[in-house]
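Novice: First the structure, which I've put down as structure tokens, then a few questions once you've had a look.
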Amino acid sequence: IGALDAMRALLWAWVLISILIYIFAILLTRTVGFPHKADAEIDRYFGNILYSSFTLFQVMTLEGWPTVARKAMEFEPWTWMVFVAFLLITTFSIMNMIVSVIVDSTLEAALDQKLQAMRDQEYQTSMATVKVDEVFRRADENGDGHITKEELMQALLKADVRLYLREVGIDITNAEFIFDVVDYDGSGKLEYKEFAMALVKARGEAKAQDVLALQCDLWRREYGLRQDLFRVCVKVDERLRAVDQAIELLQSDLQILDRAMAEHE
């Protein structure tokens, strides 16, 4: 639609330009071409309506227009106003308007395509979420809100589960790989949120699955770092407690020593 609108605007703009060229060609032919037909160059530029129209088209493209204008001004000095007015109306107004219309229509079409692609992606994601929910419920046979790798592999034996995964865009042969990737904490089981996120992100080509694997590897490393940091904090806390106890014992010994020295005196 945007391209058709641009072509329609372009067509009407060229119709308007053609009319303007014809009007100015009549003016220059009658005022410059006919009275000074004896000059060969004037006759070549403005000898008749056709010559004048072609000359004005050349002027509109800014190709050698000062030469044409100065030649006409040698015989009719006032013609500079005609050429300036013609350039302002055509080259600097209508032509710029044509460019702006085309650019605006192109940007509008691109924006519409982007919005449509986003709507399609949201629709596909919502439909995939519904099917993933159904797969999770079929796999979670004991209803504890978690699925294990064994439960998932058993669910993949069911025809309806395999159908749901194919509709979502998941390669069934990579289901075990996806489970191992997403189980970054090594618990051997997945909650619904983890499972749904993994399947939705792993849809499509292997590239998406590689990105998911990289992301989950980062999560796994983050989880490991958090565990290491927690253990370090526990050890530091234990050592600080031991230092506090040693300080308290030292203070107690110093108090006993002070009382002994006072009694001795």
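By convention here, the chains of the structure tokens are called A, B, ... in the order presented, each chain's residues are numbered starting at 1, and ligands are numbered starting at 1 in the order presented.
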Tell me, as a ChimeraX atom specification, which residues lie within 10 Å of A:Tyr45, counting only C-alpha atoms; anything in the same chain fewer than 6 positions away does not count.
Specialist: /A:28-29,32-33,37,51-56,68,71-72
Novice: Please, what distance in Å, to one decimal, runs between atom CA of A:Ile42 and atom CA of A:Gly64?
Specialist: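 Computed distance, atom CA of A:Ile42 to atom CA of A:Gly64, equals 14.7 Å.
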Novice: Quick one, how far is atom CA of A:Arg166 from atom CA of A:Thr129?
Specialist: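 Rounded to one decimal, the two atoms are 13.3 Å apart.
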Novice: Need to verify the contact set: A:Ala9, 9 Å, only C-alpha atoms, exclusion of same-chain residues closer than 5 positions in sequence. Can you return it as a list in words?
Specialist: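 Within the cut-off, the hits are Leu4, Trp14, Ile98, Val101 and Ile102 of chain A.
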Novice: What would the file look like if the residues just selected were written as a PDB file, in the first residue's frame with N, CA, C and O atoms?
Specialist:
ATOM      1  N   LEU A   4       2.315   1.877  -3.467  1.00  0.00           N
ATOM      2  CA  LEU A   4       1.292   2.364  -4.397  1.00  0.00           C
ATOM      3  C   LEU A   4       0.964   3.824  -4.142  1.00  0.00           C
ATOM      4  O   LEU A   4       0.791   4.611  -5.080  1.00  0.00           O
ATOM      5  N   TRP A  14       4.609  14.509 -11.367  1.00  0.00           N
ATOM      6  CA  TRP A  14       5.161  14.659 -12.713  1.00  0.00           C
ATOM      7  C   TRP A  14       4.139  15.279 -13.665  1.00  0.00           C
ATOM      8  O   TRP A  14       4.522  16.011 -14.600  1.00  0.00           O
ATOM      9  N   ILE A  98       8.331  15.356  -3.645  1.00  0.00           N
ATOM     10  CA  ILE A  98       8.291  13.975  -4.140  1.00  0.00           C
ATOM     11  C   ILE A  98       9.202  13.085  -3.306  1.00  0.00           C
ATOM     12  O   ILE A  98       8.815  11.978  -2.894  1.00  0.00           O
ATOM     13  N   VAL A 101       7.659  12.470   0.109  1.00  0.00           N
ATOM     14  CA  VAL A 101       6.527  11.535   0.058  1.00  0.00           C
ATOM     15  C   VAL A 101       7.021  10.102  -0.066  1.00  0.00           C
ATOM     16  O   VAL A 101       6.532   9.185   0.621  1.00  0.00           O
ATOM     17  N   ILE A 102       8.008   9.886  -0.929  1.00  0.00           N
ATOM     18  CA  ILE A 102       8.542   8.538  -1.115  1.00  0.00           C
ATOM     19  C   ILE A 102       9.201   8.030   0.157  1.00  0.00           C
ATOM     20  O   ILE A 102       8.997   6.889   0.582  1.00  0.00           O
TER      21      ILE A 102
END
